[in-house]
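Here's the structure we're looking at; comments come further down.
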Amino acid sequence: MDAFCRLSGLDPLWDWNRTWYTANPDLTQCFQNTVLVWVPCIYLWLLAPFYCLHLYCHDRGRIQMSCLCSSKMVLGFLLASFGFVEFFYILLERSQEIHQHMVFLLSPIIRSMTVILALCIIQLERMRGCRSSVFLFLFWVLAVVCSLVPLRAKIQLGFASDIVRYLAFFSYFTIQLAQLFLCCFADQPPVGKTVLEKVGRGECIPLPSKTSITRDSKMLVVKGYRTPLAAEDLWTLRKEDTSQQILSELHQDWTAECAKIQKTNRHRETKHQAQLLRKLQKEQSSGFFLLRALARKFGPYFLTGTLCIILHDCFMFAIPQVLSLLLAFMRDEDAPLWKGYFYATLMFLLSCLQSLFNHQYMYTCFTVGMRVKTAVMGLVYRKSLVINSAARRTCTVGEIVNLVSADTQKLMDFVVYFNAVWLAPIEIVLCLFFLWQHLGPSALAGIATVILIFPLNGFIAKKRSKLQVTIQMKFMDGRIRLMNEILNGIKILKFYAWEKAFLEQVLGYREKELEALKKSQILYSISIISFAMFGVYVMLDDRNVLDAQKVFVSMALINILKTPLSQLPFAISTSMQAMVSLRRLGKYLCSEELKVDNVSKSPLNGEDVVIDNGTFSWSADGPPCLKRINIHVPRGSLVAVVGHVGSGKSSLLSAMLGETEKRSGRVVVKGSVAYVPQQAWIQNATVQDNVIFGREKLKTWYHRVLEACALLPDLDILPAGDATEIGEKGLNLSGGQKQRVSLARAVYRTADVYLLDDPLSAVDAHVGQHIFDKVIGPKGVLRDKTRILVTHGMSFLPQADLILVMVDGAITESGSYQELLSRHGAFADFIHTFASTERKESAIQRGEETLSARNGFFITLTFGSSTFSRGDTNNSNLQNMEPMSEADQEQVPEDLGKLTVVDKARTGRVKLEMYKKYFKTISLAIIIPIVFLYAFQQGASLTYNYWLSMWADDPVVNGTQLDTDLKLTVFGALGFAQGIAIFGTTVAISLCGIIASRHLHMDLLNNVLHSPMSFFECTPSGNLLNRFAKEIDAIDCMVPDGLKMMLSYVFKLMEVCIIVMMATPFAAVIILPLAFLYAFVQSFYVATSCQLRRLEAVSRSPIYTHFNETVQGAGVIRAFGEQSRFILQANKRVDCNQTSYFPRFVATRWLAVNLEFVGNVVVLAAAILSVIGKNTLSPGIVGLAVSHSLQVTGILSWIVRSWTDVENNIVSVERVSEYGETAKEASWSIEGSSLPLAWPQRGTIEFQDYGLQYRKGLELALKGITLHIHEKEKVGIVGRTGAGKSSLALGIFRILEAAKGKIFVDGINIEDIGLHDLRSRITIIPQDPVLFSGSLRMNLDPFDTYTDEEVWSSLELAHLKNFVSNLPDKLNHECSEGGENLSLGQRQLVCLARALLRKTKILVLDEATAAVDLETDTLIQSTIRTQFEDCTVLTIAHRLNTIMDYTRVIVMDRGHISEMDSPANLIAQRGQFYRMCREAGLV
């Protein structure tokens, strides 16, 4: 190159005397005309092919030619023409000695060709829809920067040299600047895309860096400052961040991985290998396979972030070296000033680059973390739709919710900290290497300290990980699972007054969880290092001198060293937690799925369902639940399945759906299937949405279905008709209504095969008859379909084409009704016992008879909205029931049918009261000493550092410094005091956090359990679970950690400012405005960040609610083939959540870059002011000021991060406290109550003008009830659905408080006694049998008040003794969540056993025997008659035959008592009761 330059008559390429050893530095002409011209050109030519390939792969549409693009093209052509003009000018002027001007000839040509390439790229970007280009922006930045040196040279030379080239250069430079300026603006969006959509997706960022300084985030932050952000203000997600995009490929990959795991497990299974070991290996490998699948999908993008962090580290280590040069410059009196300014500027630039690359890395990590979260949530959700029943029983809904909340969070943390696991050791080694260079052998002391700290930190990390993962997470899982069950069974808890027992269980888990947390936090407090180093350095040899350069460069290195040393244990701990989470997720995602070949869909001749020699079980290694099943169901026939409780009726339907494990045989089901489960699964949606279930609404058919399923009268009662929202699990519907909605969903589907699991048990007898006639029977809307009906209703059997009798999982008899009777088998005996000849005859007649129109009209008048016409579907009466027109429907007020209260985000900054509330729970007496402890710690640190700077400035006498022993002692004492203070503050704040979270959790739990039933009906359980899981977790860990960090960094910042101002008082002029700027930026950000955090928290609840709902209704969703629709809904909810999460971390990066720039200005100010005051300042004080100012960037970003974390997580305190303001039910017990222990002794109940309403604003459900029930009286309560039967029971138990009037029990007004006193002294057997996970004994007697003998006695009376004694664990048999491992009938018998155990004077039966067969019903009724002979019994009955021998019957109608007398008298009166008995075939 030198020869090439010499040929053109220029100096050599590089000359140190011109560039460095001079008071006026400059670059050689050769360097200016070659390297500075060629660097931008080489950059563009080298990277252009890759960039063009990237553009080719990412087509976003075509952008029309705009003014911006035209301007860029015009300026580009001007630039290119300048080069060519210069080339020809030299050719013409120097044509004779052309070989001597090769440098001047080549450079303009290269430059022009490069500009032409840039113009081509501009056009290509326009064609591919890229609105702005980081690639070209960097090119123009390089070009402008490289032109600055020649510009300075040209200005110094003036016009004298060559006026034409002088003007040409200035014009060229101006156009380059213009191009750079234009590059800062985004072009218009591609054709057909809106600005909002494109900006929202962040696909093209129109500013210098694609890191996070986006214009979009700036706009968002400003908007969030002015007005509270709402969900509609947020950007839409980028396509690559959406669930659809992420999961489309990943799901296929994971399915392939799962297949591999199954394969390897099959190979491993040898006879001798222990089963436990195999299980462990499967869990380990499944976690590894999941990690591999995620790495394959997200690894390449993550590696770009890794490259950024490596570059960040290079800049980070360069800064102490520059500091060393600056301090050497301060010592050298002859050094020219420009070098000091050069070092100061270089430090500033390196700090800026370090910030930029760090935040690009963080941006990448958070983006990957967000995608991982989306991926894992999607995989878990998809898995929950295909998991088989055996695997489903091993994990509760609470645990699945924990997988998508806690475990996904652990994986997100892992993505951020994973690089620290391998980078931190490298950083530590590099720090120690540089320290060795500065300090020589004494650095070994530091190395020894590090070597000691490593195993100690490793041990602490391992201990903490064990505490957090195995212990704390285990108790948290248990607590969440229990909370989920409490919320699901809250009605039972309130009926039985069991809240305290469950409260104690939750608090038991909570105490163990907090104990683990406390131990973990105490372990997390240890680190001192620099004292050892400097002390040893001095002690090794008296000749060693501590000067400013050694001290403060080492200090800068030690400050760098602190980061990896503190990060490493955290990174290891996070990685270990993530591995546990990966194993948990892997285990769940690899659990057994339903086999596709369980049911085949092959065509059959004239048959719709065939099972040949089928044996089925619920799990692969469990006992068979169905044996030797042979069924052939002809197309269009009605098959009835009958049998005792637990005989396998529901299992048979499950086998047809493919839900059970097929051991042998073949199952064929032709065409589509519709399924009605025994326990209706209702979505938290409107009635209409539940019925049409994702299909298009066909108005006429929809109306016909509602009429056939007897739902029209119910819709009249509901506030907004079919637009009324149903609460979670159908909370605001009666059992019968839920079952009919479930049936309507199936009927609306028009499937080929209908599997109906006892849908008529939960409805009144006459409604059941109507549904059978209009839907299921030979004249119903499903008459041409194949129907398989599980039933306990004898009256329907004569009309069945085929009856299957089941006993112990086998079909013992099959045939038509008459065939089975003629065989005189067990079925015939059963029928003769339970059905009198008259009933059979009337049932057969009823199939044919219809009431006259006049009679039907009369019924309609009598019952009004609670009835239906008994005519055929085309009866003229139907015209009176015309559904609302579309126009009418639109006029229904939107909130009329609303039930659930959506989780709403509060707006604005977190109120000061929240902080007050948080600190009040800790108490002021503890907080004040902590603040003093922090102040003491920072004072010790300040003195310690100042002492060091004074030592460094000590004069050297005969090669040594004076009084080193004294200095060392003081130095050591200060270091020790600082260490003790750090440990003290850390432990104190952690313990305060635990005190606060214990109080807040206790308050939340008490508030929720003291809430009335109406609160649970309108609050989705997802909202409550979110509070107990995510929000409490944030209060446990995030708030104390944030406070700890914020306090330590605020005090540290004060220390740095004091030091910088001590060194250079003039710095105050710069520091104060920067402080104001900092506070201004901070206030902007915190308002936005806080609101985004709230929006994110609010959008998280629907995910959990949807997950919960899906897991419970997975069987129904599969049967209807609606998986893809539910997956789309889940995707939508997850995307909605990520829409608020993404701007939050982008805004954080925006803030951090801005603030670190502020910090870097402080570094620049400290360095430049030190250079200016070179003659008056000592190297020691300069070293102290500059090395401390270098920490400002880190300190500022940490203050903001921790402040924001605290503010964001105080939102959790706000959300947890919300339920303190909701309405509460009356107190559980009243102190000083004079209620006798044996109350009620007689069991008399008196209603005085009693009225009751479900919610304010709704009409009264009971109106003016006046009634006196005598001692030992047996009262039956009947009436059509919605007549107010169950409302009476709710009133007696004060589940709903009286709107007017009073109820007296044994002469005491129930309003005057505590709720638990009342509810524990009367008993109910509810309509929905609810069991909790735990032992059978706990389900019967949670307070352990009864002996085992009493429990066994109650089981014997409930006809469960044989079943329980055959169980391996007897009374300790573990019930799964919701008691799913018992049949519905068995659960109902467990509820009866509960009642028998309590044996109170008043018993309420709420349709309690609806789910059991007639024989068991008879047994139960006889038990009740004998065991509760001396009690008052109120029975809300569907089966009228059960109350025919009662002393009195009350007939309810629309909230009034319409008839009341003995059954015989009521029949004689021929009123409403008589008609109901006639419909039921009893008269």
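Order determines the names: the first chain of the structure tokens is A, the second B, and so forth; residues in each chain are numbered 1 upward, and ligands are numbered 1 upward as they are shown.
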Show which residues sit within 10 Å of Ala680 in chain A, as an mmCIF file with C-alpha atoms, in the first residue's frame. Count only C-alpha atoms, and ignore same-chain residues fewer than 4 positions away.
```
data_model
loop_
_atom_site.group_PDB
_atom_site.id
_atom_site.type_symbol
_atom_site.label_atom_id
_atom_site.label_comp_id
_atom_site.auth_asym_id
_atom_site.auth_seq_id
_atom_site.Cartn_x
_atom_site.Cartn_y
_atom_site.Cartn_z
ATOM 1 C CA VAL A 676 -74.362 -35.453 26.387
ATOM 2 C CA LYS A 729 -69.670 -24.447 35.123
ATOM 3 C CA GLY A 730 -73.236 -23.149 34.703
ATOM 4 C CA GLY A 735 -79.175 -28.710 37.455
ATOM 5 C CA GLY A 736 -82.095 -29.375 35.107
ATOM 6 C CA GLN A 737 -81.420 -26.257 33.047
ATOM 7 C CA LYS A 738 -77.745 -27.180 32.659
ATOM 8 C CA GLN A 739 -78.655 -30.663 31.499
ATOM 9 C CA ARG A 740 -81.144 -29.344 28.951
ATOM 10 C CA VAL A 741 -78.650 -26.809 27.558
ATOM 11 C CA SER A 742 -76.182 -29.686 27.264
ATOM 12 C CA LEU A 743 -78.819 -31.759 25.452
ATOM 13 C CA ASP A 757 -75.502 -40.285 29.400
ATOM 14 C CA PRO A 759 -79.696 -36.592 30.513
ATOM 15 C CA ALA A 762 -81.612 -33.968 36.517
ATOM 16 C CA GLY A 1113 -64.756 -30.324 29.099
ATOM 17 C CA VAL A 1116 -67.205 -33.111 25.158
#
```
What's the 10 Å shell around range 1005-1018 of chain A, counting only C-alpha atoms, without same-chain residues fewer than 6 positions away, as a PDB file with C-alpha atoms, in the first residue's frame?
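Here's the written file result.pdb:
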```pdb
ATOM      1  CA  MET A 483     -57.560 -23.329  45.971  1.00  0.00           C
ATOM      2  CA  ILE A 486     -62.174 -24.794  46.932  1.00  0.00           C
ATOM      3  CA  LEU A 487     -63.328 -22.450  44.153  1.00  0.00           C
ATOM      4  CA  ASN A 488     -64.936 -25.330  42.256  1.00  0.00           C
ATOM      5  CA  ILE A 490     -67.368 -23.369  47.156  1.00  0.00           C
ATOM      6  CA  LYS A 491     -71.123 -23.999  47.317  1.00  0.00           C
ATOM      7  CA  LEU A 493     -68.086 -25.569  51.564  1.00  0.00           C
ATOM      8  CA  LYS A 494     -70.665 -22.946  52.410  1.00  0.00           C
ATOM      9  CA  GLU A 499     -64.508 -23.016  55.135  1.00  0.00           C
ATOM     10  CA  LYS A 500     -62.398 -23.082  58.310  1.00  0.00           C
ATOM     11  CA  PHE A 502     -60.042 -25.782  54.188  1.00  0.00           C
ATOM     12  CA  LEU A 503     -58.667 -22.419  55.305  1.00  0.00           C
ATOM     13  CA  VAL A 506     -54.388 -23.761  52.663  1.00  0.00           C
ATOM     14  CA  LEU A 507     -52.551 -21.959  55.456  1.00  0.00           C
ATOM     15  CA  GLU A 725     -74.313 -15.182  30.073  1.00  0.00           C
ATOM     16  CA  ILE A 726     -73.977 -18.431  31.995  1.00  0.00           C
ATOM     17  CA  GLY A 727     -71.431 -18.411  34.834  1.00  0.00           C
ATOM     18  CA  GLU A 728     -68.510 -20.804  35.016  1.00  0.00           C
ATOM     19  CA  LYS A 729     -69.670 -24.447  35.123  1.00  0.00           C
ATOM     20  CA  GLY A 730     -73.236 -23.149  34.703  1.00  0.00           C
ATOM     21  CA  LEU A 731     -73.307 -21.560  38.152  1.00  0.00           C
ATOM     22  CA  ASN A 732     -76.432 -19.508  37.581  1.00  0.00           C
ATOM     23  CA  LYS A 898     -73.896 -10.234  31.745  1.00  0.00           C
ATOM     24  CA  LEU A 899     -72.915 -12.227  34.761  1.00  0.00           C
ATOM     25  CA  THR A 900     -69.157 -12.573  35.006  1.00  0.00           C
ATOM     26  CA  VAL A 901     -67.214  -9.482  35.904  1.00  0.00           C
ATOM     27  CA  VAL A 902     -64.286  -9.195  33.498  1.00  0.00           C
ATOM     28  CA  HIS A 999     -50.474 -10.897  55.841  1.00  0.00           C
ATOM     29  CA  LEU A1024     -59.086 -15.762  41.560  1.00  0.00           C
ATOM     30  CA  PHE A1028     -53.424 -16.825  44.365  1.00  0.00           C
ATOM     31  CA  VAL A1216     -54.813  -8.832  45.794  1.00  0.00           C
ATOM     32  CA  SER A1217     -56.410  -6.055  47.877  1.00  0.00           C
ATOM     33  CA  GLU A1218     -59.273  -5.564  45.387  1.00  0.00           C
ATOM     34  CA  TYR A1219     -61.369  -8.256  47.027  1.00  0.00           C
ATOM     35  CA  GLY A1220     -61.189  -6.470  50.363  1.00  0.00           C
ATOM     36  CA  GLU A1221     -63.680  -3.970  48.925  1.00  0.00           C
ATOM     37  CA  THR A1222     -66.258  -6.478  47.638  1.00  0.00           C
ATOM     38  CA  ALA A1223     -69.426  -7.330  49.560  1.00  0.00           C
ATOM     39  CA  LYS A1224     -69.014  -9.949  52.306  1.00  0.00           C
ATOM     40  CA  GLU A1225     -71.504 -12.368  53.817  1.00  0.00           C
ATOM     41  CA  ALA A1226     -72.506 -12.145  57.476  1.00  0.00           C
ATOM     42  CA  SER A1227     -70.002 -13.163  60.155  1.00  0.00           C
ATOM     43  CA  TRP A1228     -69.378 -16.904  60.576  1.00  0.00           C
ATOM     44  CA  TYR A1254     -80.516 -13.627  43.456  1.00  0.00           C
ATOM     45  CA  ARG A1255     -78.979 -10.281  42.607  1.00  0.00           C
ATOM     46  CA  ARG A1294     -78.617 -18.096  54.227  1.00  0.00           C
ATOM     47  CA  ILE A1295     -76.593 -18.695  51.055  1.00  0.00           C
ATOM     48  CA  LEU A1296     -78.770 -15.802  49.924  1.00  0.00           C
ATOM     49  CA  GLU A1297     -79.966 -13.290  52.483  1.00  0.00           C
TER      50      GLU A1297
END
```
Next on the checklist: What does the structure give for the distance between CA of Tyr934 in chain A and CA of Lys1044 in chain A, in Å to one decimal?
Outcome noted: 9.9 Å
Checklist entry - Out of range 634-766 of chain A, which residues get helix (DSSP H, G or I) from DSSP, as an MDAnalysis selection string? => result chainID A and resid 649:657 687:692 699:708 712:717 721:723 728:730 735:748 765:766
What are the closest atom pairs, with distances in Å to one decimal, for each residue of range 1273-1379 of chain A lying within 10 Å of range 1436-1441 of chain A, using only C-alpha atoms, rows by chain and rising residue number, as CSV?
```
residue,atom,partner,partner_atom,distance
A:Val1275,CA,A:Ile1436,CA,8.7
A:Gly1276,CA,A:Ile1436,CA,6.0
A:Ile1277,CA,A:Ile1436,CA,4.7
A:Val1278,CA,A:Ala1437,CA,5.8
A:Gly1279,CA,A:Ala1437,CA,8.6
A:Arg1280,CA,A:His1438,CA,9.2
A:Thr1281,CA,A:His1438,CA,9.8
A:Lys1285,CA,A:Ile1436,CA,6.4
A:Ser1286,CA,A:Ile1436,CA,7.1
A:Leu1288,CA,A:Ile1436,CA,9.3
A:Ala1289,CA,A:Ile1436,CA,8.7
A:Pro1326,CA,A:Ile1436,CA,9.9
A:Gln1327,CA,A:Ile1436,CA,9.4
```
Next on the checklist: For range 413-422 of chain A, find every residue with an atom within 6 Å (counting only C-alpha atoms), except residues of its own chain fewer than 4 positions away, and show them as a PyMOL selection string.
Outcome noted: chain A and resi 365+369+571+574-575
Give me a file of those residues, with C-alpha atoms, as a compact mmCIF listing (two decimals), in the first residue's frame.
```txt
# COMPACT_ATOMS: atom_id res chain seq x y z
CA CYS A 365 -33.66 -12.64 24.89
CA GLY A 369 -38.57 -15.79 25.99
CA ALA A 571 -27.84 -18.14 36.46
CA THR A 574 -32.32 -20.30 37.25
CA SER A 575 -30.98 -23.00 34.91
```
